[in-house]
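Participant: Right, I'll just put the structure down here and ask away after.
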Amino acid sequence: MNEREYMKEKKRIVVKLGTSTLTHEETGTLDLLKMEQLIRILTDLNNQGKEVVVVSSGAIGVGRKAMGIKERPKELSVRQACAAIGQAKLMMVYQKLFAEYSQLTAQVLMTKYTMLDDISRRNAENTFRELLQMGVIPIVNENDTVSTDEIEFGDNDTLSAIVAALIGADLLILMSDIDGLYTDDPHTNKDAKFIHVVEKITESLEHMGKDTNGSLGTGGMATKISAAKIAVNSGADMVISNGKDIYNIAKVVNGESVGTLFKAHKLEDFDLTDYIKTNR
Ligand code: GLU
């Protein structure tokens, strides 16, 4: 019996797409062919009666590209301006591609403040509930244009786990630039072993994530493991999978053994707001 067979039963799925998954490595521009496939996969999940939420990065990258800015801007205001430009462009492309299948989408921009303020958090929760009931696919990003250090999540791995917890998702898929979790950095240690399933996030696993953080792209392994803690404690399984093959999304939901699966361990007393406050 395939131990991931139960993945087929997942009903509410959050898919996080990193900038590296959406853009060409060489040029930093959007990989439209891959995005077309992505949109087909997501619409098809929706067509199967599943509820789908996308957490998409790429705003700053797309904005930078549009303005011809080669390096990541050091100045916050420039990054925020790039995010404002890029977010609109990104949504335009998403909406155009989803429209081919008459699939409606919606933009949801959040900051940490949205989660910490009771009224804002309830509003966000209600909005997600309505959108999903309407069969719309929400596309979420951090509201980078107004986020500053005090109120930013900082990375979309964390944001996607928080969204998964907020809406009571049963699966979070992180599409990243790595296959999943290894026992060590596979770039420097050829004996590093791939980990298919994490039954429980132990302290030694967290240390491993910290040790391999440096070379593994934006977000890094440490943020992915801390995202996994939020997801599994809230009752969602989480899978880290390589965005190079966008069909990995469909494979994960189909129960195939791709990526690293972190198994859900719902904590009955898990308080998301408390968690965010104590991990600021
Ligand atoms: N919110 C950022 C953007 O859209 C991305 C943050 C991340 O990738 O973790 O550019």
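Identifiers for the structure tokens are assigned positionally: chains receive A, B, ... in sequence, residues are indexed from 1 per chain, and ligands are indexed from 1 in the order shown.
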What are the closest atom pairs, with distances in Å to one decimal, for all residues of chain A lying within 8 Å of ligand 1? Consider only C-alpha atoms and all ligand atoms, order rows by chain and residue number, and present the result as CSV.

Facilitator:
```
residue,atom,partner,partner_atom_place_in_ligand_line,distance
A:Gly18,CA,ligand 1,8 (O),5.4
A:Thr19,CA,ligand 1,8 (O),5.9
A:Ser56,CA,ligand 1,4 (O),6.6
A:Ser57,CA,ligand 1,4 (O),3.6
A:Gly58,CA,ligand 1,4 (O),4.1
A:Ala59,CA,ligand 1,4 (O),3.7
A:Ile60,CA,ligand 1,10 (O),3.8
A:Gly61,CA,ligand 1,10 (O),5.6
A:Val62,CA,ligand 1,10 (O),7.7
A:Ala83,CA,ligand 1,10 (O),6.2
A:Gly86,CA,ligand 1,10 (O),7.9
A:Gln87,CA,ligand 1,4 (O),7.0
A:Asn141,CA,ligand 1,1 (N),5.7
A:Glu142,CA,ligand 1,1 (N),4.9
A:Asn143,CA,ligand 1,1 (N),7.2
A:Asp144,CA,ligand 1,1 (N),5.9
A:Gly154,CA,ligand 1,6 (C),6.3
A:Asp155,CA,ligand 1,9 (O),3.2
A:Asn156,CA,ligand 1,9 (O),3.7
A:Asp157,CA,ligand 1,9 (O),6.0
A:Thr158,CA,ligand 1,9 (O),7.9
A:Thr218,CA,ligand 1,9 (O),6.6
A:Gly219,CA,ligand 1,9 (O),5.7
```

Participant: With C-alpha atoms retained, could you export that selection as a PDB file, in the first residue's frame?

Facilitator:
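Generated file (selection-v2.pdb):
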```pdb
ATOM      1  CA  GLY A  18       9.015  30.782  -4.919  1.00  0.00           C
ATOM      2  CA  THR A  19      10.493  33.325  -7.308  1.00  0.00           C
ATOM      3  CA  SER A  56       3.149  33.593  -4.808  1.00  0.00           C
ATOM      4  CA  SER A  57       6.485  35.360  -4.544  1.00  0.00           C
ATOM      5  CA  GLY A  58       7.981  37.245  -7.424  1.00  0.00           C
ATOM      6  CA  ALA A  59       6.715  40.791  -6.890  1.00  0.00           C
ATOM      7  CA  ILE A  60      10.094  42.336  -6.132  1.00  0.00           C
ATOM      8  CA  GLY A  61      11.867  40.228  -8.767  1.00  0.00           C
ATOM      9  CA  VAL A  62       9.387  41.076 -11.532  1.00  0.00           C
ATOM     10  CA  ALA A  83       7.153  45.233  -5.257  1.00  0.00           C
ATOM     11  CA  GLY A  86       5.928  43.746  -9.867  1.00  0.00           C
ATOM     12  CA  GLN A  87       2.852  42.690  -7.900  1.00  0.00           C
ATOM     13  CA  ASN A 141       1.637  37.679  -1.112  1.00  0.00           C
ATOM     14  CA  GLU A 142       3.131  39.746   1.611  1.00  0.00           C
ATOM     15  CA  ASN A 143       2.120  43.395   1.234  1.00  0.00           C
ATOM     16  CA  ASP A 144       5.752  44.306   0.573  1.00  0.00           C
ATOM     17  CA  GLY A 154      10.019  38.352   5.679  1.00  0.00           C
ATOM     18  CA  ASP A 155       9.647  35.198   3.662  1.00  0.00           C
ATOM     19  CA  ASN A 156       6.790  33.463   1.941  1.00  0.00           C
ATOM     20  CA  ASP A 157       7.602  30.047   3.432  1.00  0.00           C
ATOM     21  CA  THR A 158       6.441  31.409   6.777  1.00  0.00           C
ATOM     22  CA  THR A 218      16.080  32.301  -0.476  1.00  0.00           C
ATOM     23  CA  GLY A 219      14.057  31.187   2.478  1.00  0.00           C
TER      24      GLY A 219
END
```

Participant: With a cut-off of 10 Å, could you pull out the residues of region 93-172 of chain A touching region 265-275 of chain A and give me the nearest pair of atoms for each, distance in Å to one decimal, using only C-alpha atoms, ordered by chain and ascending number, as CSV?

Facilitator:
```
residue,atom,partner,partner_atom,distance
A:Lys112,CA,A:Thr273,CA,9.9
A:Met115,CA,A:Thr273,CA,6.6
A:Leu116,CA,A:Thr273,CA,6.0
A:Asp117,CA,A:Thr273,CA,8.9
A:Asp118,CA,A:Thr273,CA,8.9
A:Arg121,CA,A:Thr273,CA,9.2
A:Ile162,CA,A:Leu272,CA,7.6
A:Ala165,CA,A:Leu272,CA,7.2
A:Leu166,CA,A:Leu272,CA,7.6
```

Participant: Can you write out the residues you just picked, keeping all heavy atoms, as a PDB file, in the first residue's frame?

Facilitator:
```pdb
ATOM      1  N   LYS A 112       2.293  40.994   8.797  1.00  0.00           N
ATOM      2  CA  LYS A 112       2.217  40.336  10.101  1.00  0.00           C
ATOM      3  C   LYS A 112       1.117  40.980  10.947  1.00  0.00           C
ATOM      4  O   LYS A 112       0.444  40.325  11.732  1.00  0.00           O
ATOM      5  CB  LYS A 112       3.565  40.468  10.806  1.00  0.00           C
ATOM      6  CG  LYS A 112       3.791  39.424  11.848  1.00  0.00           C
ATOM      7  CD  LYS A 112       5.129  39.599  12.482  1.00  0.00           C
ATOM      8  CE  LYS A 112       6.054  38.465  12.099  1.00  0.00           C
ATOM      9  NZ  LYS A 112       7.326  38.554  12.808  1.00  0.00           N
ATOM     10  N   MET A 115      -2.228  39.471  10.986  1.00  0.00           N
ATOM     11  CA  MET A 115      -2.396  38.304  11.843  1.00  0.00           C
ATOM     12  C   MET A 115      -2.445  38.665  13.324  1.00  0.00           C
ATOM     13  O   MET A 115      -3.059  37.968  14.116  1.00  0.00           O
ATOM     14  CB  MET A 115      -1.239  37.319  11.612  1.00  0.00           C
ATOM     15  CG  MET A 115      -1.231  36.692  10.242  1.00  0.00           C
ATOM     16  SD  MET A 115      -2.776  35.871   9.850  1.00  0.00           S
ATOM     17  CE  MET A 115      -2.867  34.680  11.189  1.00  0.00           C
ATOM     18  N   LEU A 116      -1.771  39.736  13.686  1.00  0.00           N
ATOM     19  CA  LEU A 116      -1.675  40.074  15.115  1.00  0.00           C
ATOM     20  C   LEU A 116      -2.888  40.863  15.609  1.00  0.00           C
ATOM     21  O   LEU A 116      -3.210  40.836  16.790  1.00  0.00           O
ATOM     22  CB  LEU A 116      -0.388  40.858  15.384  1.00  0.00           C
ATOM     23  CG  LEU A 116       0.903  40.048  15.181  1.00  0.00           C
ATOM     24  CD1 LEU A 116       2.124  40.933  15.360  1.00  0.00           C
ATOM     25  CD2 LEU A 116       0.952  38.866  16.145  1.00  0.00           C
ATOM     26  N   ASP A 117      -3.523  41.575  14.702  1.00  0.00           N
ATOM     27  CA  ASP A 117      -4.699  42.347  15.093  1.00  0.00           C
ATOM     28  C   ASP A 117      -5.944  41.468  14.930  1.00  0.00           C
ATOM     29  O   ASP A 117      -6.196  40.909  13.855  1.00  0.00           O
ATOM     30  CB  ASP A 117      -4.805  43.589  14.195  1.00  0.00           C
ATOM     31  CG  ASP A 117      -6.020  44.412  14.545  1.00  0.00           C
ATOM     32  OD1 ASP A 117      -5.986  45.083  15.586  1.00  0.00           O
ATOM     33  OD2 ASP A 117      -7.006  44.370  13.771  1.00  0.00           O
ATOM     34  N   ASP A 118      -6.711  41.361  16.017  1.00  0.00           N
ATOM     35  CA  ASP A 118      -7.844  40.422  16.015  1.00  0.00           C
ATOM     36  C   ASP A 118      -8.853  40.699  14.900  1.00  0.00           C
ATOM     37  O   ASP A 118      -9.334  39.783  14.233  1.00  0.00           O
ATOM     38  CB  ASP A 118      -8.576  40.464  17.365  1.00  0.00           C
ATOM     39  CG  ASP A 118      -7.756  39.759  18.429  1.00  0.00           C
ATOM     40  OD1 ASP A 118      -6.843  38.990  18.056  1.00  0.00           O
ATOM     41  OD2 ASP A 118      -8.018  39.991  19.631  1.00  0.00           O
ATOM     42  N   ARG A 121      -7.330  39.963  11.442  1.00  0.00           N
ATOM     43  CA  ARG A 121      -7.185  38.517  11.220  1.00  0.00           C
ATOM     44  C   ARG A 121      -8.541  37.881  10.904  1.00  0.00           C
ATOM     45  O   ARG A 121      -8.668  37.072   9.988  1.00  0.00           O
ATOM     46  CB  ARG A 121      -6.569  37.859  12.458  1.00  0.00           C
ATOM     47  CG  ARG A 121      -6.190  36.402  12.221  1.00  0.00           C
ATOM     48  CD  ARG A 121      -5.597  35.740  13.433  1.00  0.00           C
ATOM     49  NE  ARG A 121      -6.516  35.739  14.553  1.00  0.00           N
ATOM     50  CZ  ARG A 121      -6.389  36.484  15.648  1.00  0.00           C
ATOM     51  NH1 ARG A 121      -5.370  37.292  15.783  1.00  0.00           N
ATOM     52  NH2 ARG A 121      -7.284  36.421  16.605  1.00  0.00           N
ATOM     53  N   ILE A 162       1.430  30.197   7.648  1.00  0.00           N
ATOM     54  CA  ILE A 162       0.458  30.953   8.441  1.00  0.00           C
ATOM     55  C   ILE A 162      -0.902  30.979   7.748  1.00  0.00           C
ATOM     56  O   ILE A 162      -1.942  30.798   8.378  1.00  0.00           O
ATOM     57  CB  ILE A 162       1.013  32.366   8.735  1.00  0.00           C
ATOM     58  CG1 ILE A 162       2.109  32.241   9.799  1.00  0.00           C
ATOM     59  CG2 ILE A 162      -0.081  33.323   9.189  1.00  0.00           C
ATOM     60  CD1 ILE A 162       2.907  33.478  10.057  1.00  0.00           C
ATOM     61  N   ALA A 165      -2.490  27.626   8.253  1.00  0.00           N
ATOM     62  CA  ALA A 165      -3.038  27.490   9.602  1.00  0.00           C
ATOM     63  C   ALA A 165      -4.310  28.323   9.751  1.00  0.00           C
ATOM     64  O   ALA A 165      -5.299  27.870  10.321  1.00  0.00           O
ATOM     65  CB  ALA A 165      -1.994  27.917  10.629  1.00  0.00           C
ATOM     66  N   LEU A 166      -4.279  29.530   9.206  1.00  0.00           N
ATOM     67  CA  LEU A 166      -5.423  30.445   9.329  1.00  0.00           C
ATOM     68  C   LEU A 166      -6.695  29.856   8.724  1.00  0.00           C
ATOM     69  O   LEU A 166      -7.778  29.964   9.288  1.00  0.00           O
ATOM     70  CB  LEU A 166      -5.091  31.784   8.645  1.00  0.00           C
ATOM     71  CG  LEU A 166      -6.188  32.844   8.634  1.00  0.00           C
ATOM     72  CD1 LEU A 166      -6.355  33.441  10.034  1.00  0.00           C
ATOM     73  CD2 LEU A 166      -5.879  33.964   7.636  1.00  0.00           C
TER      74      LEU A 166
END
```

Participant: Give me the residues within 10 Å of Thr148 (chain A) as number ranges by chain, counting only C-alpha atoms and dropping any in the same chain fewer than 2 places off.

Facilitator: A: 76-77, 80, 111-112, 143-146, 150-154

Participant: So how far away is CA of Ile13 (chain A) from CA of Ser257 (chain A), in Å?

Facilitator: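 CA of Ser257 (chain A) sits 17.3 Å away from CA of Ile13 (chain A).
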
Participant: Output as a compact mmCIF listing (two decimals) with N, CA, C and O atoms, in the first residue's frame all residues of region 45-181 of chain A that backbone DSSP marks as alpha helix (DSSP H).

Facilitator:
```txt
# COMPACT_ATOMS: atom_id res chain seq x y z
N LEU A 45 -7.05 21.10 -10.17
CA LEU A 45 -7.30 20.74 -8.76
C LEU A 45 -8.64 21.33 -8.32
O LEU A 45 -9.43 20.68 -7.65
N ASN A 46 -8.85 22.58 -8.71
CA ASN A 46 -10.11 23.25 -8.40
C ASN A 46 -11.28 22.50 -9.05
O ASN A 46 -12.33 22.30 -8.43
N ASN A 47 -11.08 22.07 -10.29
CA ASN A 47 -12.12 21.33 -11.01
C ASN A 47 -12.44 20.00 -10.33
O ASN A 47 -13.55 19.48 -10.45
N ALA A 59 7.04 39.38 -6.68
CA ALA A 59 6.72 40.79 -6.89
C ALA A 59 7.98 41.65 -7.04
O ALA A 59 8.13 42.40 -8.01
N ILE A 60 8.89 41.50 -6.09
CA ILE A 60 10.09 42.34 -6.13
C ILE A 60 10.94 41.98 -7.36
O ILE A 60 11.40 42.86 -8.09
N GLY A 61 11.07 40.68 -7.62
CA GLY A 61 11.87 40.23 -8.77
C GLY A 61 11.32 40.75 -10.09
O GLY A 61 12.07 41.26 -10.93
N VAL A 62 10.01 40.63 -10.27
CA VAL A 62 9.39 41.08 -11.53
C VAL A 62 9.48 42.60 -11.66
O VAL A 62 9.77 43.14 -12.74
N GLY A 63 9.30 43.32 -10.53
CA GLY A 63 9.41 44.77 -10.55
C GLY A 63 10.82 45.23 -10.87
O GLY A 63 11.03 46.16 -11.65
N ARG A 64 11.79 44.53 -10.28
CA ARG A 64 13.20 44.84 -10.56
C ARG A 64 13.51 44.68 -12.04
O ARG A 64 14.14 45.51 -12.67
N LYS A 65 13.02 43.57 -12.57
CA LYS A 65 13.26 43.27 -13.98
C LYS A 65 12.67 44.38 -14.86
O LYS A 65 13.30 44.87 -15.79
N ALA A 66 11.44 44.78 -14.51
CA ALA A 66 10.76 45.82 -15.29
C ALA A 66 11.55 47.12 -15.28
O ALA A 66 11.56 47.87 -16.26
N MET A 67 12.22 47.40 -14.16
CA MET A 67 12.96 48.65 -14.03
C MET A 67 14.43 48.49 -14.40
O MET A 67 15.22 49.43 -14.28
N LEU A 76 15.23 50.00 1.23
CA LEU A 76 13.89 49.46 1.44
C LEU A 76 12.87 50.11 0.50
O LEU A 76 12.04 49.42 -0.11
N SER A 77 12.95 51.45 0.36
CA SER A 77 11.94 52.13 -0.45
C SER A 77 12.01 51.69 -1.92
O SER A 77 10.98 51.60 -2.60
N VAL A 78 13.22 51.35 -2.39
CA VAL A 78 13.35 50.88 -3.79
C VAL A 78 12.73 49.48 -3.91
O VAL A 78 12.00 49.19 -4.87
N ARG A 79 13.00 48.64 -2.91
CA ARG A 79 12.40 47.29 -2.93
C ARG A 79 10.88 47.40 -2.90
O ARG A 79 10.16 46.68 -3.59
N GLN A 80 10.39 48.33 -2.09
CA GLN A 80 8.93 48.48 -1.97
C GLN A 80 8.32 48.99 -3.27
O GLN A 80 7.25 48.55 -3.68
N ALA A 81 9.04 49.92 -3.92
CA ALA A 81 8.56 50.43 -5.22
C ALA A 81 8.55 49.29 -6.24
O ALA A 81 7.59 49.12 -7.00
N CYS A 82 9.62 48.49 -6.23
CA CYS A 82 9.69 47.35 -7.16
C CYS A 82 8.54 46.38 -6.89
O CYS A 82 7.92 45.84 -7.82
N ALA A 83 8.24 46.15 -5.61
CA ALA A 83 7.15 45.23 -5.26
C ALA A 83 5.82 45.75 -5.79
O ALA A 83 4.99 44.98 -6.30
N ALA A 84 5.63 47.07 -5.69
CA ALA A 84 4.36 47.67 -6.15
C ALA A 84 4.21 47.48 -7.67
O ALA A 84 3.13 47.15 -8.16
N ILE A 85 5.32 47.66 -8.38
CA ILE A 85 5.29 47.49 -9.84
C ILE A 85 5.11 46.01 -10.19
O ILE A 85 4.25 45.62 -10.99
N GLY A 86 5.90 45.17 -9.54
CA GLY A 86 5.93 43.75 -9.87
C GLY A 86 4.65 43.02 -9.50
O GLY A 86 4.19 42.15 -10.22
N GLN A 87 4.07 43.38 -8.36
CA GLN A 87 2.85 42.69 -7.90
C GLN A 87 1.73 42.85 -8.93
O GLN A 87 1.02 41.89 -9.26
N ALA A 88 1.59 44.07 -9.44
CA ALA A 88 0.52 44.33 -10.43
C ALA A 88 0.78 43.54 -11.71
O ALA A 88 -0.12 42.94 -12.29
N LYS A 89 2.04 43.52 -12.12
CA LYS A 89 2.39 42.77 -13.35
C LYS A 89 2.14 41.28 -13.15
O LYS A 89 1.60 40.60 -14.03
N LEU A 90 2.55 40.80 -12.00
CA LEU A 90 2.40 39.38 -11.68
C LEU A 90 0.92 38.97 -11.71
O LEU A 90 0.54 37.97 -12.32
N MET A 91 0.08 39.80 -11.09
CA MET A 91 -1.35 39.49 -11.05
C MET A 91 -1.95 39.53 -12.45
O MET A 91 -2.85 38.75 -12.77
N MET A 92 -1.45 40.46 -13.26
CA MET A 92 -1.97 40.55 -14.62
C MET A 92 -1.72 39.23 -15.37
O MET A 92 -2.60 38.71 -16.05
N VAL A 93 -0.50 38.71 -15.20
CA VAL A 93 -0.16 37.45 -15.89
C VAL A 93 -1.00 36.30 -15.34
O VAL A 93 -1.57 35.50 -16.09
N TYR A 94 -1.10 36.22 -14.00
CA TYR A 94 -1.93 35.16 -13.41
C TYR A 94 -3.35 35.23 -13.95
O TYR A 94 -3.95 34.24 -14.35
N GLN A 95 -3.92 36.45 -13.93
CA GLN A 95 -5.33 36.57 -14.32
C GLN A 95 -5.53 36.23 -15.79
O GLN A 95 -6.51 35.58 -16.16
N LYS A 96 -4.58 36.63 -16.61
CA LYS A 96 -4.68 36.34 -18.04
C LYS A 96 -4.65 34.82 -18.28
O LYS A 96 -5.46 34.28 -19.03
N LEU A 97 -3.72 34.15 -17.60
CA LEU A 97 -3.58 32.71 -17.81
C LEU A 97 -4.77 31.94 -17.22
O LEU A 97 -5.30 31.03 -17.84
N PHE A 98 -5.19 32.33 -16.01
CA PHE A 98 -6.35 31.65 -15.41
C PHE A 98 -7.62 31.89 -16.23
O PHE A 98 -8.50 31.04 -16.28
N ALA A 99 -7.70 33.08 -16.86
CA ALA A 99 -8.90 33.42 -17.63
C ALA A 99 -9.11 32.46 -18.80
O ALA A 99 -10.23 32.22 -19.24
N LYS A 112 2.29 40.99 8.80
CA LYS A 112 2.22 40.34 10.10
C LYS A 112 1.12 40.98 10.95
O LYS A 112 0.44 40.33 11.73
N TYR A 113 0.93 42.28 10.74
CA TYR A 113 -0.09 43.02 11.48
C TYR A 113 -1.48 42.42 11.24
O TYR A 113 -2.31 42.37 12.14
N THR A 114 -1.71 41.95 10.00
CA THR A 114 -3.00 41.33 9.67
C THR A 114 -3.28 40.17 10.62
O THR A 114 -4.42 39.92 11.00
N MET A 115 -2.23 39.47 10.99
CA MET A 115 -2.40 38.30 11.84
C MET A 115 -2.45 38.67 13.32
O MET A 115 -3.06 37.97 14.12
N LEU A 116 -1.77 39.74 13.69
CA LEU A 116 -1.68 40.07 15.12
C LEU A 116 -2.89 40.86 15.61
O LEU A 116 -3.21 40.84 16.79
N ASP A 118 -6.71 41.36 16.02
CA ASP A 118 -7.84 40.42 16.01
C ASP A 118 -8.85 40.70 14.90
O ASP A 118 -9.33 39.78 14.23
N ILE A 119 -9.16 42.00 14.71
CA ILE A 119 -10.17 42.34 13.71
C ILE A 119 -9.64 42.05 12.29
O ILE A 119 -10.32 41.42 11.47
N SER A 120 -8.40 42.47 12.04
CA SER A 120 -7.83 42.22 10.70
C SER A 120 -7.75 40.73 10.40
O SER A 120 -8.03 40.28 9.29
N ARG A 121 -7.33 39.96 11.44
CA ARG A 121 -7.19 38.52 11.22
C ARG A 121 -8.54 37.88 10.90
O ARG A 121 -8.67 37.07 9.99
N ARG A 122 -9.56 38.31 11.65
CA ARG A 122 -10.90 37.75 11.41
C ARG A 122 -11.39 38.15 10.00
O ARG A 122 -11.99 37.35 9.30
N ASN A 123 -11.10 39.38 9.62
CA ASN A 123 -11.48 39.82 8.27
C ASN A 123 -10.80 38.98 7.20
O ASN A 123 -11.43 38.56 6.22
N ALA A 124 -9.51 38.74 7.40
CA ALA A 124 -8.77 37.93 6.42
C ALA A 124 -9.37 36.53 6.34
O ALA A 124 -9.60 35.99 5.24
N GLU A 125 -9.65 35.96 7.50
CA GLU A 125 -10.21 34.61 7.56
C GLU A 125 -11.56 34.56 6.83
O GLU A 125 -11.82 33.65 6.03
N ASN A 126 -12.40 35.55 7.09
CA ASN A 126 -13.71 35.59 6.45
C ASN A 126 -13.60 35.75 4.94
O ASN A 126 -14.34 35.13 4.18
N THR A 127 -12.64 36.59 4.52
CA THR A 127 -12.45 36.80 3.08
C THR A 127 -12.04 35.49 2.40
O THR A 127 -12.59 35.12 1.36
N PHE A 128 -11.07 34.78 3.02
CA PHE A 128 -10.65 33.49 2.44
C PHE A 128 -11.84 32.53 2.36
O PHE A 128 -12.03 31.87 1.34
N ARG A 129 -12.63 32.48 3.42
CA ARG A 129 -13.76 31.55 3.43
C ARG A 129 -14.72 31.84 2.30
O ARG A 129 -15.13 30.95 1.56
N GLU A 130 -15.05 33.12 2.14
CA GLU A 130 -15.98 33.51 1.06
C GLU A 130 -15.40 33.17 -0.31
O GLU A 130 -16.08 32.63 -1.17
N LEU A 131 -14.13 33.54 -0.51
CA LEU A 131 -13.51 33.31 -1.82
C LEU A 131 -13.53 31.83 -2.17
O LEU A 131 -13.86 31.44 -3.30
N LEU A 132 -13.18 30.99 -1.19
CA LEU A 132 -13.12 29.56 -1.46
C LEU A 132 -14.52 29.00 -1.73
O LEU A 132 -14.70 28.16 -2.61
N GLN A 133 -15.50 29.53 -1.00
CA GLN A 133 -16.87 29.11 -1.25
C GLN A 133 -17.32 29.49 -2.66
O GLN A 133 -18.11 28.79 -3.28
N ASN A 156 8.09 34.05 2.26
CA ASN A 156 6.79 33.46 1.94
C ASN A 156 6.64 32.02 2.40
O ASN A 156 5.53 31.48 2.37
N ASP A 157 7.75 31.38 2.83
CA ASP A 157 7.60 30.05 3.43
C ASP A 157 6.76 30.20 4.70
O ASP A 157 5.78 29.47 4.90
N THR A 158 7.17 31.16 5.53
CA THR A 158 6.44 31.41 6.78
C THR A 158 5.02 31.87 6.47
O THR A 158 4.05 31.36 7.06
N LEU A 159 4.90 32.83 5.55
CA LEU A 159 3.57 33.34 5.22
C LEU A 159 2.63 32.22 4.77
O LEU A 159 1.47 32.16 5.19
N SER A 160 3.14 31.32 3.93
CA SER A 160 2.26 30.27 3.41
C SER A 160 1.81 29.32 4.53
O SER A 160 0.68 28.85 4.53
N ALA A 161 2.70 29.07 5.50
CA ALA A 161 2.32 28.20 6.62
C ALA A 161 1.27 28.89 7.48
O ALA A 161 0.33 28.25 7.97
N ILE A 162 1.43 30.20 7.65
CA ILE A 162 0.46 30.95 8.44
C ILE A 162 -0.90 30.98 7.75
O ILE A 162 -1.94 30.80 8.38
N VAL A 163 -0.88 31.14 6.44
CA VAL A 163 -2.14 31.11 5.68
C VAL A 163 -2.79 29.72 5.82
O VAL A 163 -3.99 29.61 6.06
N ALA A 164 -1.96 28.68 5.71
CA ALA A 164 -2.49 27.31 5.83
C ALA A 164 -3.15 27.12 7.20
O ALA A 164 -4.24 26.56 7.31
N ALA A 165 -2.49 27.63 8.25
CA ALA A 165 -3.04 27.49 9.60
C ALA A 165 -4.31 28.32 9.75
O ALA A 165 -5.30 27.87 10.32
N LEU A 166 -4.28 29.53 9.21
CA LEU A 166 -5.42 30.44 9.33
C LEU A 166 -6.70 29.86 8.72
O LEU A 166 -7.78 29.96 9.29
N ILE A 167 -6.55 29.21 7.55
CA ILE A 167 -7.74 28.74 6.85
C ILE A 167 -8.03 27.26 7.12
O ILE A 167 -8.93 26.68 6.53
```

Participant: Between CA of Glu199 (chain A) and CA of Asn2 (chain A), what is the distance, to one decimal in Å?

Facilitator: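 Here the two named atoms are 16.1 Å from each other.
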
Participant: With a distance cut-off of 8 Å and only C-alpha atoms, select the neighbouring residues of region 194-197 of chain A, excluding the residue or stretch itself and same-chain residues fewer than 5 positions from it, and output the selection as a list in words.

Facilitator: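 Returned residues: Gly180, Leu181, Tyr182, Thr183, Ser257, Val258, Gly259, Thr260, Leu261, Phe262 and Lys263 of chain A.
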
Participant: Those same residues - C-alpha atoms - I'd like them written as a CSV table (one decimal), in the first residue's frame.

Facilitator:
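Done, and the output landed in selection-v1.csv:
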```csv
chain,number,residue,atom,x,y,z
A,180,GLY,CA,13.4,18.6,-0.3
A,181,LEU,CA,15.3,17.9,3.0
A,182,TYR,CA,18.7,16.2,3.1
A,183,THR,CA,20.7,15.1,6.1
A,257,SER,CA,6.5,10.0,-3.3
A,258,VAL,CA,8.0,13.3,-4.4
A,259,GLY,CA,9.7,15.8,-2.1
A,260,THR,CA,9.9,15.7,1.7
A,261,LEU,CA,6.7,15.1,3.6
A,262,PHE,CA,6.3,16.6,7.0
A,263,LYS,CA,3.4,14.8,8.7
```

Participant: Using DSSP secondary structure from the backbone, list all strand (DSSP E or B) positions within region 22-216 of chain A, as an MDAnalysis selection string.

Facilitator: chainID A and resid 23 30 51:56 105:110 137:142 171:176 181:182 194:195 197:198
